[in-house]
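One structure below.
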Amino acid sequence: MPERLAEMLLDLWTPLVILWITLPPCVHTAPMNQSPVLTSGSHLELSRLSEEQRILNRSKRGWVWNQMFVLEEFSGPEPILVGRLHTDLDPGSKKIKYILSGDGAGTIFQINDITGDIHAIKRLDREEKAEYTLTAQAVDWETNKPLEPPSEFIIKVQDINDNAPEFLNGPYHATVPEMSILGTSVTNVTATDADDPVYGNSAKLVYSILEGQPYFSIEPETAIIKTALPNMDREAKEEYLVVIQAKDMGGHSGGLSGTTTLTVTLTDVNDNPPKFAQSLYHFSVPEDVLLGTAIGRVKANDQDIGDNAQSSYDIIDGDGTTLFEITSDAQAQDGIIRLRKPLDFETKKSYTLKVEAANVHVDPRFSGRGPFKDTATVKIVVEDADEPPVFSSPTYLLEVHENAALNSVIGQVTARDPDITSSPIRFSIDRHTDLERQFNVNAEDGKITLATPLDRELSVWHNITIIATEIRNHSQISRVPVAIKVLDVNDNAPEFASEYEAFLCENGKPGQVIQTVSAMDKDDPKNGHYFLYSLLPEMVNNPNFTIKKNEDNSLSILAKHNGFNRQKQEVYLLPIIISDSGNPPLSSTGTLTIRVCGCSSDGVVQSCNVEAYVLPIGLSMGALIAILACIILLLVIVVLFVTLRRHKNEPLIIKDDEDVRENIIRYDDEGGGEEDTEAFDIATLQNPDGINGFLPRKDIKPDLQFMPRQGLAPVPNGVDVDEFINVRLHEADNDPTAPPYDSIQIYGYEGRGSVAGSLSSLESTTSDSDQNFDYLSDWGPRFKRLGELYSVGESDKET
């Protein structure tokens, strides 16, 4: 017990001794019951004393402080004394006043201006501000004059352990592969402490795990988390929650602590092989299923996830390896068995397959755990189905001569019902492939016969489709293509390859080749074409021309003499017999037209017409055509010019002998336009008294036929114009055949007995009697102009 007490006292006094020794040289060591004193260094006199005198007088020696200390978070009933200012000039007569300025002067720190005591009046927090710089000065009490220069000093806030550690980035998440070895690093965490890391152990942190053992451990100082157990299995437990504590004061009791959580997730590795859920699978499939159809699925389960669980499936053995295939579905992680070739129930009714599932991504670290694969057996039963007929061949090729007789047999197709019941088959032709109905097929035995004549020169190939239908089940149908090739026979005579026309120069030489011709034959003999050429028997001794067979199966026509004259004979006709080498041979006669032409000295044809002799020398036919075109163009220009001049000289005033009334065009008529003169009767305007009857429409026929309205009695001479218009208006309003469609209403009646008479020229006499229009000048400028126009017309008529 005494030893333990001694250790405690030693731990308590050691910081005090260190603090005493490390005080700055300007700190005045005041007695234990006094605060530090800051004295003025300007008047401090220090003498050189011996070492012994220094030791004896240490308690009386004066020290000059340049900093003071105050504890943070100190609170009490009275302000805390921080220190005291004192100058050697102060004799104690109270004639000196102390002044304090700088950080917090007056608000945080107060000074007694007489004694120089400095007090802290507020609670201080080192984490907010660690030190304050102030300035002290002694002045005369009465005059406020400085007695010495100002002195600057620092008040430092001493830290206490008032802040707990904090994990600013928590909570944490980390991952580590499963099956990791012992001591595998997972992650590291960091806590911060706001206390002073320099002074004491307030910010010295020690880390530990409160929860999460024995799976994980942590380094006390670095906070690195590691695995504490080897080979942790994700399939057993995937996620772990770890509670981490950070404690200050070096982890000793009395220190503050903070905690955070770390979630550790084990990531997957490929440490588990695939395993089929069952060792035997049974599937059934109809024999008529389409190729590529999925028959069934097998699945090998893998406890791993992601890419580590991917498996590939293969058929490694069995009696149906060529008929079936298996593919891997990466999404569902299973194998799909599909049909690769057609099935036949009558041939084989069941198949057995051995299927293997193997991991795609194998981790070599775990290869010692055994093969990462598994096998299963698949049995497939084929079900019988009503199948369509099967032809003996997938395609047929038949040949027939083009001169084959009608109803002759070209070939035969055969088909059978593959089912056990073996239904009879009926054959037919798909007429969409034989629109001209050139062929027929026997419905019972499948023999194909010719229905219409063939012509190889029109079509060499005929492609038809034969349909086989089960008699017992008409829905079972099969089709097969049949290609029929038409073979050639010699049924076409050879003929000239084109319409040949030869030109012979008058100055030609004997034996000169006039033209080379070739022949063609629509037939196609096996050994190719070979033609024979000859002249008609009566023209064998032709005095003008002869023929020569060439090696390339062509024919050359040669002139026998020179001195041909186109004035004597312009055209020669040379019949030529062309024969082929068929059996029997066929021949035809072609006539070659030979024209005698005028040529240049080098044999270039210039003209083949007799009329060329009468043409002027130096002028060709093209030049004459150009001259003729120019003459015609000049004639057209002259005719157009004369026509325009005649239209320009026509007078604007209509002569009296012309019937003006027949040329009136009503622009207020909304009927057929300006050229429509059929919408009204011009005779009505000429005789307003003759409009009493029904006026039929000439432009539009009404939809409904009505009886014509009763004609009004002739208007007497004494009727007023206003009454006449009202009668016509009432008549139009009550007439179902009247507008809204286009029509004309006649208001040409001007009354009778007017003193002035009618001004309209419509009722003017058409006689040649003289009229005087001078009275129109008295009616105003406009009527004056009208009188002048009529006067001009009269004067023109007299002239």
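By order of appearance in the structure tokens: chains A, B, ..., then residues from 1 within every chain, and ligands from 1 in the order shown.
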
Considering only C-alpha atoms, give me a table of residues in stretch 297-362 of chain A that are at most 7 Å from stretch 376-388 of chain A, with the closest atom pair and distance in Å for each, as CSV.
residue,atom,partner,partner_atom,distance
A:Phe345,CA,A:Asp384,CA,5.5
A:Lys349,CA,A:Val382,CA,4.9
A:Ser350,CA,A:Val381,CA,4.3
A:Tyr351,CA,A:Ile380,CA,5.1
A:Thr352,CA,A:Lys379,CA,4.5
A:Leu353,CA,A:Val378,CA,5.0
A:Lys354,CA,A:Thr377,CA,4.7
A:Val355,CA,A:Ala376,CA,5.3
A:Glu356,CA,A:Ala376,CA,6.5

*Looking only at the backbone, which of the residues in stretch 142-362 of chain A does DSSP tag as helix (DSSP H, G or I), as a PyMOL selection string?*
chain A and resi 249-251+306-309

*Would you please extract all strand (DSSP E or B) residues from stretch 396-544 of chain A, as assigned by DSSP on the backbone, and give them as a PyMOL selection string?*
chain A and resi 396-401+409-412+415-416+425-429+439-441+447-450+461-470+477-487+495-496+501-505+513-520+532-535

_If we count only C-alpha atoms and set the cut-off at 9 Å, which residues sit around stretch 145-151 of chain A, ignoring sequence neighbours fewer than 2 positions away in its own chain? Please answer as an MDAnalysis selection string._
chainID A and resid 40 42 66 89 96 134:143 153

Suppose we keep all heavy atoms; can you now write the selection as a CSV table (one decimal), in the first residue's frame?
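For reference, part-v1.csv as written:
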chain,number,residue,atom,x,y,z
A,40,SER,N,7.6,45.5,-15.0
A,40,SER,CA,8.2,46.3,-16.1
A,40,SER,C,9.7,45.9,-16.2
A,40,SER,O,10.4,46.1,-15.2
A,40,SER,CB,8.0,47.7,-15.9
A,40,SER,OG,8.7,48.5,-16.8
A,42,SER,N,11.9,47.4,-17.8
A,42,SER,CA,12.8,48.6,-18.1
A,42,SER,C,13.5,49.0,-16.8
A,42,SER,O,14.5,49.6,-16.9
A,42,SER,CB,12.0,49.7,-18.7
A,42,SER,OG,10.9,50.0,-17.8
A,66,ASN,N,6.0,37.3,-19.9
A,66,ASN,CA,5.4,37.8,-21.2
A,66,ASN,C,4.1,37.0,-21.5
A,66,ASN,O,3.6,37.1,-22.6
A,66,ASN,CB,6.4,37.7,-22.3
A,66,ASN,CG,6.8,36.3,-22.6
A,66,ASN,OD1,6.5,35.4,-21.9
A,66,ASN,ND2,7.6,36.2,-23.7
A,89,LEU,N,8.2,51.6,-11.1
A,89,LEU,CA,8.1,53.0,-10.9
A,89,LEU,C,6.9,53.3,-9.9
A,89,LEU,O,6.7,54.4,-9.5
A,89,LEU,CB,7.7,53.7,-12.2
A,89,LEU,CG,8.8,53.6,-13.3
A,89,LEU,CD1,8.3,54.3,-14.6
A,89,LEU,CD2,10.1,54.2,-12.8
A,96,ILE,N,-0.1,56.0,-10.0
A,96,ILE,CA,0.1,55.3,-11.3
A,96,ILE,C,-1.2,54.6,-11.6
A,96,ILE,O,-1.8,53.9,-10.7
A,96,ILE,CB,1.2,54.4,-11.2
A,96,ILE,CG1,2.5,55.1,-11.0
A,96,ILE,CG2,1.3,53.5,-12.5
A,96,ILE,CD1,3.8,54.3,-10.9
A,134,LEU,N,-2.7,41.0,-25.5
A,134,LEU,CA,-3.1,42.2,-24.9
A,134,LEU,C,-1.9,43.1,-24.7
A,134,LEU,O,-0.7,42.7,-24.8
A,134,LEU,CB,-3.8,42.0,-23.5
A,134,LEU,CG,-5.1,41.2,-23.6
A,134,LEU,CD1,-4.8,39.8,-23.1
A,134,LEU,CD2,-6.2,41.9,-22.8
A,135,THR,N,-2.2,44.4,-24.5
A,135,THR,CA,-1.1,45.4,-24.3
A,135,THR,C,-1.3,46.1,-22.9
A,135,THR,O,-2.5,46.6,-22.7
A,135,THR,CB,-1.1,46.4,-25.4
A,135,THR,OG1,-0.9,45.7,-26.6
A,135,THR,CG2,0.0,47.4,-25.2
A,136,ALA,N,-0.3,46.2,-22.1
A,136,ALA,CA,-0.4,46.8,-20.8
A,136,ALA,C,0.5,48.1,-20.8
A,136,ALA,O,1.5,48.1,-21.4
A,136,ALA,CB,0.1,45.9,-19.7
A,137,GLN,N,0.0,49.1,-20.1
A,137,GLN,CA,0.8,50.4,-20.0
A,137,GLN,C,0.5,51.0,-18.7
A,137,GLN,O,-0.7,51.0,-18.2
A,137,GLN,CB,0.4,51.3,-21.1
A,137,GLN,CG,1.4,52.5,-21.3
A,137,GLN,CD,1.1,53.3,-22.5
A,137,GLN,OE1,0.0,53.2,-23.1
A,137,GLN,NE2,2.1,54.0,-23.0
A,138,ALA,N,1.5,51.6,-18.1
A,138,ALA,CA,1.4,52.4,-16.9
A,138,ALA,C,1.4,53.9,-17.2
A,138,ALA,O,2.3,54.4,-17.9
A,138,ALA,CB,2.5,52.1,-15.9
A,139,VAL,N,0.4,54.7,-16.7
A,139,VAL,CA,0.3,56.1,-17.0
A,139,VAL,C,0.1,56.9,-15.7
A,139,VAL,O,-0.2,56.3,-14.7
A,139,VAL,CB,-0.9,56.4,-18.0
A,139,VAL,CG1,-0.7,55.7,-19.3
A,139,VAL,CG2,-2.2,56.0,-17.4
A,140,ASP,N,0.4,58.2,-15.8
A,140,ASP,CA,0.2,59.0,-14.6
A,140,ASP,C,-1.3,59.1,-14.3
A,140,ASP,O,-2.1,59.3,-15.2
A,140,ASP,CB,0.8,60.4,-14.9
A,140,ASP,CG,0.8,61.3,-13.6
A,140,ASP,OD1,1.7,61.2,-12.8
A,140,ASP,OD2,-0.2,62.0,-13.5
A,141,TRP,N,-1.6,59.1,-13.1
A,141,TRP,CA,-3.0,59.0,-12.7
A,141,TRP,C,-3.7,60.3,-13.0
A,141,TRP,O,-4.9,60.4,-13.4
A,141,TRP,CB,-3.1,58.8,-11.2
A,141,TRP,CG,-4.6,58.7,-10.7
A,141,TRP,CD1,-5.4,59.7,-10.2
A,141,TRP,CD2,-5.4,57.5,-10.7
A,141,TRP,NE1,-6.6,59.2,-9.9
A,141,TRP,CE2,-6.6,57.8,-10.2
A,141,TRP,CE3,-5.1,56.2,-11.0
A,141,TRP,CZ2,-7.7,56.9,-10.0
A,141,TRP,CZ3,-6.2,55.3,-10.8
A,141,TRP,CH2,-7.4,55.6,-10.4
A,142,GLU,N,-3.0,61.4,-12.9
A,142,GLU,CA,-3.7,62.7,-13.1
A,142,GLU,C,-3.5,63.2,-14.5
A,142,GLU,O,-4.5,63.7,-15.1
A,142,GLU,CB,-3.0,63.8,-12.2
A,142,GLU,CG,-3.2,63.5,-10.7
A,142,GLU,CD,-2.5,64.5,-9.8
A,142,GLU,OE1,-1.7,65.3,-10.3
A,142,GLU,OE2,-2.7,64.4,-8.6
A,143,THR,N,-2.4,63.0,-15.2
A,143,THR,CA,-2.2,63.6,-16.5
A,143,THR,C,-2.4,62.5,-17.6
A,143,THR,O,-2.5,62.9,-18.8
A,143,THR,CB,-0.8,64.1,-16.6
A,143,THR,OG1,0.2,63.0,-16.5
A,143,THR,CG2,-0.5,65.2,-15.6
A,153,PHE,N,1.7,41.3,-24.0
A,153,PHE,CA,1.8,40.0,-23.4
A,153,PHE,C,0.6,39.1,-23.9
A,153,PHE,O,-0.3,39.6,-24.5
A,153,PHE,CB,1.8,40.1,-21.8
A,153,PHE,CG,0.5,40.6,-21.3
A,153,PHE,CD1,-0.4,39.7,-20.8
A,153,PHE,CD2,0.3,42.0,-21.2
A,153,PHE,CE1,-1.6,40.2,-20.3
A,153,PHE,CE2,-0.9,42.4,-20.7
A,153,PHE,CZ,-1.8,41.6,-20.2

*With only C-alpha atoms as the atoms that count, which of A:Glu570, A:Glu235, A:Asp374, A:Asp162 lies nearest to A:Asp314?*
A:Asp374

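The space between atom CA of A:Pro585 and atom CA of A:Ala493 spans 8.2 Å.
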
_With only C-alpha atoms as the counted atoms, please give the residues lying no more than 12 Å from A:Asp552, apart from itself and same-chain residues fewer than 6 positions off, as an NGL selection string._
:A and (516-519 or 529-532)

_Neighbouring residues of A:Val413 were defined as those with any atom within 10 Å, considering only C-alpha atoms; residues of the same chain fewer than 5 positions away were excluded. Please report them as a ChimeraX atom specification._
/A:391-393,395-396,427,441-442,445-448,466,468,480,482

*asked:* Using Å and a single decimal, report how far atom CA of A:Asp329 sits from atom CA of A:Lys299.
replied: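 The value is 9.8 Å.
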
_Would you pick out the contacts of A:Ser185 at 8 Å or less, using only C-alpha atoms, so that residues sharing its chain but fewer than 3 positions from it are not included, and give the list as a PyMOL selection string?_
chain A and resi 224-227

Restricting the output to N, CA and C atoms, write the selected residues as a compact mmCIF listing (two decimals), in the first residue's frame.
# COMPACT_ATOMS: atom_id res chain seq x y z
N ILE A 224 -6.85 0.29 -37.27
CA ILE A 224 -6.98 -0.60 -38.43
C ILE A 224 -7.74 -1.84 -37.98
N ILE A 225 -8.84 -2.12 -38.69
CA ILE A 225 -9.66 -3.28 -38.36
C ILE A 225 -9.21 -4.44 -39.21
N LYS A 226 -9.03 -5.61 -38.59
CA LYS A 226 -8.59 -6.81 -39.28
C LYS A 226 -9.50 -7.97 -38.90
N THR A 227 -9.42 -9.02 -39.74
CA THR A 227 -10.18 -10.22 -39.42
C THR A 227 -9.49 -10.97 -38.28

*Check the smallest atom-to-atom distance from each of A:Asp430, A:Leu458, A:Thr133, A:Leu487 to A:Lys526 using only C-alpha atoms, then report the winner.*
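Counting only C-alpha atoms, the residue closest to A:Lys526 is A:Leu487.
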
*Write out as a PyMOL selection string which residues come within 7 Å of stretch 269-276 of chain A when counting only C-alpha atoms, dropping same-chain ones fewer than 3 positions away.*
chain A and resi 177-178+279+299-304+308+357-359+362-363+366+372-374+376

*Give the answer as one residue: which of A:His252, A:Phe564, A:Ala629, A:Glu506 has the shortest atom-to-atom distance to A:Val605, using only C-alpha atoms?*
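Counting only C-alpha atoms, the residue closest to A:Val605 is A:Glu506.
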